[in-house]
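Source file: data_27.txt; contents: compact mmCIF, C-alpha atoms.
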```txt
# COMPACT_ATOMS: atom_id res chain seq x y z
CA MET A 541 130.57 91.01 122.37
CA GLY A 542 129.63 94.05 124.37
CA ARG A 543 130.98 94.48 127.87
CA ARG A 544 129.63 96.47 130.82
CA GLY A 545 131.45 97.90 133.79
CA SER A 546 131.41 94.54 135.58
CA GLN A 547 133.22 92.91 132.65
CA GLN A 548 130.24 90.59 132.03
CA SER A 549 129.30 89.59 128.52
CA TRP A 550 125.88 90.12 127.08
CA PRO A 551 123.28 88.87 128.17
CA ASP A 552 124.79 88.12 131.60
CA TYR A 553 124.59 91.76 132.71
CA ILE A 554 120.83 91.99 132.08
CA ARG A 555 118.75 91.53 135.23
CA PRO A 556 115.45 89.69 134.74
CA ALA A 557 112.35 91.79 135.39
CA SER A 558 110.12 90.91 138.32
CA PHE A 559 106.79 92.30 139.46
CA HIS A 560 105.91 92.19 143.16
CA GLY A 561 108.65 89.59 143.61
CA ASP A 562 107.39 87.35 140.80
CA PRO A 563 110.01 86.97 138.01
CA PHE A 564 108.90 87.47 134.43
CA ASP A 565 108.71 84.17 132.50
CA TYR A 566 111.00 84.87 129.54
CA ALA A 567 110.50 81.33 128.19
CA THR A 568 106.83 81.95 127.36
CA GLY A 569 107.07 85.73 127.06
CA VAL A 570 103.59 86.03 128.53
CA GLU A 571 102.66 87.12 132.05
CA THR A 572 99.56 88.66 133.55
CA TYR A 573 99.89 90.99 136.51
CA VAL A 574 97.32 92.95 138.45
CA SER A 575 98.35 96.39 139.61
CA GLN A 576 98.70 96.70 143.36
CA ASN A 577 98.73 100.49 143.23
CA CYS A 578 96.16 102.13 145.47
CA ALA A 579 94.76 105.62 145.18
CA SER A 580 95.20 106.21 148.90
CA SER A 581 96.55 104.20 151.78
CA SER A 582 93.60 104.69 154.12
CA PRO A 583 90.49 106.79 154.63
CA SER A 584 91.45 110.21 155.98
CA SER A 585 88.90 110.09 158.79
CA MET A 586 87.44 106.91 160.27
CA PRO A 587 84.82 107.53 162.95
CA GLY A 588 84.16 103.77 163.10
CA PHE A 589 85.67 100.52 161.92
CA SER A 590 85.25 96.75 162.13
CA ALA A 591 87.14 93.65 161.02
CA VAL A 592 86.21 90.04 160.40
CA SER A 593 88.06 86.93 159.25
CA ARG A 594 86.89 84.94 156.25
CA GLY A 595 88.95 81.97 157.40
CA VAL A 596 92.61 81.06 157.37
CA GLY A 597 94.62 83.89 155.78
CA GLY A 598 91.66 86.14 154.94
CA LEU A 599 90.63 89.40 156.60
CA GLU A 600 87.99 91.99 155.77
CA VAL A 601 88.29 95.48 157.27
CA PHE A 602 85.51 98.07 157.15
CA ALA A 603 85.75 101.77 158.02
CA VAL A 604 83.09 104.46 158.12
CA THR A 605 84.21 107.76 156.63
CA SER A 606 83.23 111.16 158.01
CA ASP A 607 80.69 111.54 155.17
CA GLY A 608 78.91 108.30 156.18
CA ARG A 609 80.23 105.93 153.51
CA LEU A 610 81.56 102.46 154.17
CA LYS A 611 85.09 101.69 153.00
CA HIS A 612 86.34 98.12 152.60
CA ARG A 613 89.78 96.56 152.36
CA ASN A 614 90.76 92.90 152.39
CA PHE A 615 93.84 90.84 153.12
CA SER A 616 94.22 87.69 151.06
CA SER A 617 97.12 85.52 149.86
CA GLY A 618 99.54 87.53 152.01
CA ALA A 619 98.71 90.94 150.50
CA TRP A 620 96.44 93.88 151.31
CA GLY A 621 93.99 95.08 148.70
CA CYS A 622 93.13 98.74 148.15
CA TRP A 623 90.43 100.60 150.07
CA SER A 624 87.20 100.77 148.08
CA THR A 625 83.99 102.61 148.87
CA LEU A 626 80.85 100.50 149.08
CA TYR A 627 78.43 102.94 147.51
CA GLY A 628 74.74 102.49 147.89
CA ASN A 629 71.58 104.00 149.18
CA ALA A 630 72.60 104.40 152.83
CA ALA A 631 74.73 106.79 154.80
CA ILE A 632 75.85 105.33 158.11
CA LYS A 633 77.47 106.42 161.35
CA GLY A 634 79.34 104.88 164.24
CA GLU A 635 80.90 101.46 164.32
CA PRO A 636 79.83 98.93 161.68
CA ALA A 637 79.56 95.27 162.73
CA ALA A 638 80.71 92.59 160.29
CA ILE A 639 80.24 88.84 160.28
CA ALA A 640 81.45 86.27 157.76
CA GLY A 641 79.99 82.90 156.86
CA SER A 642 80.38 80.39 154.09
CA GLY A 643 80.61 82.44 150.87
CA ARG A 644 79.18 85.62 152.39
CA ILE A 645 79.89 88.68 154.49
CA ASP A 646 77.18 90.75 156.19
CA VAL A 647 77.85 94.24 157.56
CA PHE A 648 75.33 95.96 159.83
CA ALA A 649 75.41 99.64 160.76
CA GLN A 650 73.36 102.44 162.24
CA GLY A 651 72.09 104.68 159.46
CA ILE A 652 72.15 108.45 159.80
CA ASP A 653 68.35 108.09 159.98
CA ASN A 654 68.91 105.94 163.13
CA ARG A 655 67.60 102.76 161.51
CA LEU A 656 69.42 99.45 161.18
CA LYS A 657 71.12 98.99 157.78
CA LYS A 658 72.74 95.93 156.21
CA ILE A 659 74.97 95.37 153.20
CA THR A 660 75.89 91.86 152.03
CA TRP A 661 78.60 90.33 149.86
CA THR A 662 78.26 86.85 148.41
CA SER A 663 80.81 84.91 146.41
CA ALA A 664 78.20 84.41 143.68
CA HIS A 665 77.08 88.06 143.35
CA GLY A 666 79.55 90.44 144.98
CA TRP A 667 78.23 93.42 146.96
CA TYR A 668 74.49 94.05 147.13
CA GLN A 669 72.92 97.45 147.83
CA TRP A 670 72.27 98.58 151.39
CA ALA A 671 68.99 97.32 152.87
CA ASP A 672 66.93 99.00 155.59
CA MET A 673 66.40 96.31 158.23
CA GLY A 674 63.96 97.84 160.67
CA ASP A 675 61.09 100.19 161.17
CA TYR A 676 62.23 101.37 164.59
CA THR A 677 64.78 103.88 165.87
CA ILE A 678 68.11 102.60 167.15
CA THR A 679 70.53 104.58 169.30
CA SER A 680 73.68 102.46 169.14
CA ALA A 681 75.97 100.68 166.78
CA PRO A 682 74.93 97.06 166.25
CA ALA A 683 76.65 93.98 167.64
CA VAL A 684 76.45 90.75 165.63
CA THR A 685 77.02 87.07 166.27
CA SER A 686 75.89 83.78 164.84
CA ARG A 687 74.57 80.69 166.60
CA SER A 688 74.25 78.62 163.44
CA ALA A 689 75.43 78.39 159.83
CA THR A 690 72.13 79.86 158.62
CA GLY A 691 71.45 82.72 161.00
CA ILE A 692 72.76 86.03 162.30
CA ASP A 693 71.79 87.60 165.62
CA VAL A 694 71.89 91.40 165.82
CA PHE A 695 71.72 93.46 169.01
CA VAL A 696 71.19 97.25 169.25
CA LYS A 697 69.85 99.78 171.73
CA ASN A 698 66.40 101.11 170.85
CA SER A 699 64.91 104.57 171.40
CA VAL A 700 64.07 103.81 175.07
CA ASN A 701 67.66 102.67 175.67
CA LYS A 702 66.81 98.97 175.93
CA ILE A 703 68.62 96.21 174.09
CA ALA A 704 66.68 95.08 171.03
CA TYR A 705 67.39 91.75 169.35
CA ARG A 706 66.69 90.57 165.81
CA HIS A 707 67.49 87.27 164.13
CA PHE A 708 68.17 87.14 160.38
CA GLY A 709 68.23 83.89 158.42
CA THR A 710 71.09 83.83 155.90
CA ALA A 711 69.59 80.96 153.92
CA LEU A 712 66.80 83.27 152.75
CA PRO A 713 67.12 85.38 149.58
CA ILE A 714 68.67 88.76 150.17
```

Represent the structure contained in this file as structure tokens.
Amino acid sequence: MGRRGSQQSWPDYIRPASFHGDPFDYATGVETYVSQNCASSSPSSMPGFSAVSRGVGGLEVFAVTSDGRLKHRNFSSGAWGCWSTLYGNAAIKGEPAAIAGSGRIDVFAQGIDNRLKKITWTSAHGWYQWADMGDYTITSAPAVTSRSATGIDVFVKNSVNKIAYRHFGTALPI
């Protein structure tokens, strides 16, 4: 039998492989792993950001890049996911405002055209495209809250610097 420097016999000197702390199952010889490599650790410039909890152990973080795109990163099962860009038909500025409900996340933002924008994620569909949510000019980042399981309340400043309010029903089709 072969010997290594530690005077152990084969196969005792072979260390089992593990991936992200999970040992390979040599008995079955089959394992499936998802890469946790990320292209970059964070957006290089974040003029605005927001975070929301999806419940116990889940976080969603959103950051606006200097070119007006929304980046997203989540924390689930004790690990951070990679930053991903939520592409779509809107460029935004300022601070986004995110809110989470049962099986959905809604993110509101001020578009570079100074109109209210919204992007939604649902557990059944994933991310939708950006939607233009108003025909009036806004001059501030939105603030969001919810008074019920089926509605979202959004507050912004309008073009005459007054607080404008809009209620959106989440039970309605997107």

Using all atoms listed in the file, the residue out of A:Ala689, A:Gly634, A:Thr677, A:Leu626 with shortest distance to Phe589 of chain A is A:Gly634

- [ ] Find the distance between atom CA of Val700 of chain A and atom CA of Ala591 of chain A and write it in Å to one decimal.
- [x]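 If I compute the distance from atom CA of Val700 of chain A to atom CA of Ala591 of chain A, I get 28.9 Å.
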
**Request:** Point out the residue among A:Gly595, A:Gly628, A:Pro636, A:Gly643 with the least atom-to-atom distance to Ala683 of chain A, counting only C-alpha atoms.
**Result:**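 Between A:Gly595, A:Gly628, A:Pro636, A:Gly643, the residue approaching Ala683 of chain A most closely is A:Pro636.
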
Could you pull the residues within 12 Å of Arg706 of chain A, counting all atoms listed in the file, minus those fewer than 6 positions along the same chain, as a PyMOL selection string? chain A and resi 648+656+673-674+676+682-686+691-698

Those same residues, written as a JSON list (two decimals), in the frame of the given file with C-alpha atoms?
```json
[["chain", "number", "residue", "atom", "x", "y", "z"],
["A", 648, "PHE", "CA", 75.33, 95.96, 159.83],
["A", 656, "LEU", "CA", 69.42, 99.45, 161.18],
["A", 673, "MET", "CA", 66.40, 96.31, 158.23],
["A", 674, "GLY", "CA", 63.96, 97.84, 160.67],
["A", 676, "TYR", "CA", 62.23, 101.37, 164.59],
["A", 682, "PRO", "CA", 74.93, 97.06, 166.25],
["A", 683, "ALA", "CA", 76.65, 93.98, 167.64],
["A", 684, "VAL", "CA", 76.45, 90.75, 165.63],
["A", 685, "THR", "CA", 77.02, 87.07, 166.27],
["A", 686, "SER", "CA", 75.89, 83.78, 164.84],
["A", 691, "GLY", "CA", 71.45, 82.72, 161.00],
["A", 692, "ILE", "CA", 72.76, 86.03, 162.30],
["A", 693, "ASP", "CA", 71.79, 87.60, 165.62],
["A", 694, "VAL", "CA", 71.89, 91.40, 165.82],
["A", 695, "PHE", "CA", 71.72, 93.46, 169.01],
["A", 696, "VAL", "CA", 71.19, 97.25, 169.25],
["A", 697, "LYS", "CA", 69.85, 99.78, 171.73],
["A", 698, "ASN", "CA", 66.40, 101.11, 170.85]]
```

Hey, what's within 12 Å of Ser699 of chain A if we count only C-alpha atoms and toss same-chain stuff fewer than 4 positions away? As a ChimeraX atom specification, please? /A:654-655,675-680,703-704

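Distance annotation: of A:Ala603, A:Ala619, A:Ala681, A:Val592, the residue with the minimal separation from Gln650 of chain A is A:Ala681; atom set is all atoms listed in the file.
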
| Mind pulling up the distance from atom CA of Gly588 of chain A to atom CA of Ser616 of chain A? |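 So the two atoms, atom CA of Ser616 of chain A and atom CA of Gly588 of chain A, lie 22.5 Å apart.
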
Here atom CA of Asp646 of chain A and atom CA of Thr660 of chain A stand apart by 4.5 Å

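Using only C-alpha atoms for every distance, the candidate list A:Arg613, A:Asn701, A:Lys658, A:Gly641 yields A:Gly641 as the residue closest to Ser688 of chain A.
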
Counting only C-alpha atoms, the residue among A:Ser642, A:Arg594, A:Asp653, A:Tyr627 that lies closest to Tyr668 of chain A is A:Tyr627

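By all atoms listed in the file, and with residues fewer than 3 positions from Thr662 of chain A along its chain excluded, the set lying at most 6 Å from it is Gly643, Arg644, His665 and Gly666 of chain A.
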
Would you fill the gaps in segment 624-650 of chain A so it has N, CA, C and O atoms, then print it as an mmCIF file, keeping the file's coordinate frame?
```cif
data_model
loop_
_atom_site.group_PDB
_atom_site.id
_atom_site.type_symbol
_atom_site.label_atom_id
_atom_site.label_comp_id
_atom_site.auth_asym_id
_atom_site.auth_seq_id
_atom_site.Cartn_x
_atom_site.Cartn_y
_atom_site.Cartn_z
ATOM 1 N N SER A 624 88.234 100.433 149.055
ATOM 2 C CA SER A 624 87.200 100.770 148.080
ATOM 3 C C SER A 624 85.958 101.214 148.844
ATOM 4 O O SER A 624 85.713 100.775 149.964
ATOM 5 N N THR A 625 85.209 102.114 148.247
ATOM 6 C CA THR A 625 83.990 102.610 148.870
ATOM 7 C C THR A 625 82.826 101.752 148.422
ATOM 8 O O THR A 625 82.636 101.513 147.227
ATOM 9 N N LEU A 626 82.047 101.271 149.397
ATOM 10 C CA LEU A 626 80.850 100.500 149.080
ATOM 11 C C LEU A 626 79.693 101.483 148.968
ATOM 12 O O LEU A 626 79.057 101.849 149.945
ATOM 13 N N TYR A 627 79.484 101.962 147.745
ATOM 14 C CA TYR A 627 78.430 102.940 147.510
ATOM 15 C C TYR A 627 77.072 102.270 147.625
ATOM 16 O O TYR A 627 76.950 101.060 147.526
ATOM 17 N N GLY A 628 76.084 103.034 147.807
ATOM 18 C CA GLY A 628 74.740 102.490 147.890
ATOM 19 C C GLY A 628 73.787 103.556 148.365
ATOM 20 O O GLY A 628 74.079 104.741 148.345
ATOM 21 N N ASN A 629 72.663 103.099 148.828
ATOM 22 C CA ASN A 629 71.580 104.000 149.180
ATOM 23 C C ASN A 629 71.522 104.296 150.672
ATOM 24 O O ASN A 629 70.479 104.646 151.178
ATOM 25 N N ALA A 630 72.624 104.128 151.393
ATOM 26 C CA ALA A 630 72.600 104.400 152.830
ATOM 27 C C ALA A 630 73.844 105.175 153.247
ATOM 28 O O ALA A 630 74.933 104.920 152.771
ATOM 29 N N ALA A 631 73.630 106.132 154.115
ATOM 30 C CA ALA A 631 74.730 106.790 154.800
ATOM 31 C C ALA A 631 74.667 106.283 156.234
ATOM 32 O O ALA A 631 73.591 106.182 156.816
ATOM 33 N N ILE A 632 75.824 105.952 156.799
ATOM 34 C CA ILE A 632 75.850 105.330 158.110
ATOM 35 C C ILE A 632 76.726 106.125 159.060
ATOM 36 O O ILE A 632 77.454 107.021 158.653
ATOM 37 N N LYS A 633 76.648 105.766 160.343
ATOM 38 C CA LYS A 633 77.470 106.420 161.350
ATOM 39 C C LYS A 633 77.900 105.392 162.384
ATOM 40 O O LYS A 633 77.352 104.296 162.461
ATOM 41 N N GLY A 634 78.896 105.763 163.176
ATOM 42 C CA GLY A 634 79.340 104.880 164.240
ATOM 43 C C GLY A 634 80.127 103.683 163.763
ATOM 44 O O GLY A 634 80.695 103.687 162.674
ATOM 45 N N GLU A 635 80.142 102.672 164.597
ATOM 46 C CA GLU A 635 80.900 101.460 164.320
ATOM 47 C C GLU A 635 80.054 100.465 163.522
ATOM 48 O O GLU A 635 78.977 100.087 163.969
ATOM 49 N N PRO A 636 80.526 100.009 162.366
ATOM 50 C CA PRO A 636 79.830 98.930 161.680
ATOM 51 C C PRO A 636 80.127 97.611 162.400
ATOM 52 O O PRO A 636 81.079 97.528 163.177
ATOM 53 N N ALA A 637 79.327 96.597 162.162
ATOM 54 C CA ALA A 637 79.560 95.270 162.730
ATOM 55 C C ALA A 637 79.516 94.268 161.585
ATOM 56 O O ALA A 637 78.523 94.189 160.866
ATOM 57 N N ALA A 638 80.602 93.526 161.409
ATOM 58 C CA ALA A 638 80.710 92.590 160.290
ATOM 59 C C ALA A 638 80.762 91.161 160.793
ATOM 60 O O ALA A 638 81.285 90.884 161.869
ATOM 61 N N ILE A 639 80.203 90.261 159.979
ATOM 62 C CA ILE A 639 80.240 88.840 160.280
ATOM 63 C C ILE A 639 80.404 88.093 158.958
ATOM 64 O O ILE A 639 79.851 88.508 157.933
ATOM 65 N N ALA A 640 81.200 87.039 158.979
ATOM 66 C CA ALA A 640 81.450 86.270 157.760
ATOM 67 C C ALA A 640 80.965 84.842 157.955
ATOM 68 O O ALA A 640 81.065 84.276 159.037
ATOM 69 N N GLY A 641 80.425 84.284 156.877
ATOM 70 C CA GLY A 641 79.990 82.900 156.860
ATOM 71 C C GLY A 641 80.476 82.259 155.577
ATOM 72 O O GLY A 641 81.280 82.836 154.845
ATOM 73 N N SER A 642 79.967 81.114 155.282
ATOM 74 C CA SER A 642 80.380 80.390 154.090
ATOM 75 C C SER A 642 79.944 81.145 152.829
ATOM 76 O O SER A 642 78.767 81.218 152.506
ATOM 77 N N GLY A 643 80.900 81.745 152.128
ATOM 78 C CA GLY A 643 80.610 82.440 150.870
ATOM 79 C C GLY A 643 79.880 83.746 151.013
ATOM 80 O O GLY A 643 79.317 84.251 150.045
ATOM 81 N N ARG A 644 79.877 84.348 152.223
ATOM 82 C CA ARG A 644 79.180 85.620 152.390
ATOM 83 C C ARG A 644 79.759 86.428 153.535
ATOM 84 O O ARG A 644 80.379 85.890 154.440
ATOM 85 N N ILE A 645 79.543 87.741 153.433
ATOM 86 C CA ILE A 645 79.890 88.680 154.490
ATOM 87 C C ILE A 645 78.675 89.586 154.665
ATOM 88 O O ILE A 645 78.114 90.060 153.668
ATOM 89 N N ASP A 646 78.269 89.818 155.894
ATOM 90 C CA ASP A 646 77.180 90.750 156.190
ATOM 91 C C ASP A 646 77.731 91.840 157.087
ATOM 92 O O ASP A 646 78.441 91.555 158.058
ATOM 93 N N VAL A 647 77.428 93.093 156.758
ATOM 94 C CA VAL A 647 77.850 94.240 157.560
ATOM 95 C C VAL A 647 76.601 94.999 157.969
ATOM 96 O O VAL A 647 75.787 95.371 157.121
ATOM 97 N N PHE A 648 76.459 95.217 159.269
ATOM 98 C CA PHE A 648 75.330 95.960 159.830
ATOM 99 C C PHE A 648 75.843 97.280 160.361
ATOM 100 O O PHE A 648 76.975 97.364 160.853
ATOM 101 N N ALA A 649 74.996 98.316 160.284
ATOM 102 C CA ALA A 649 75.410 99.640 160.760
ATOM 103 C C ALA A 649 74.168 100.458 161.124
ATOM 104 O O ALA A 649 73.052 100.178 160.656
ATOM 105 N N GLN A 650 74.405 101.472 161.918
ATOM 106 C CA GLN A 650 73.360 102.440 162.240
ATOM 107 C C GLN A 650 73.349 103.492 161.143
ATOM 108 O O GLN A 650 74.363 104.125 160.864
#
```
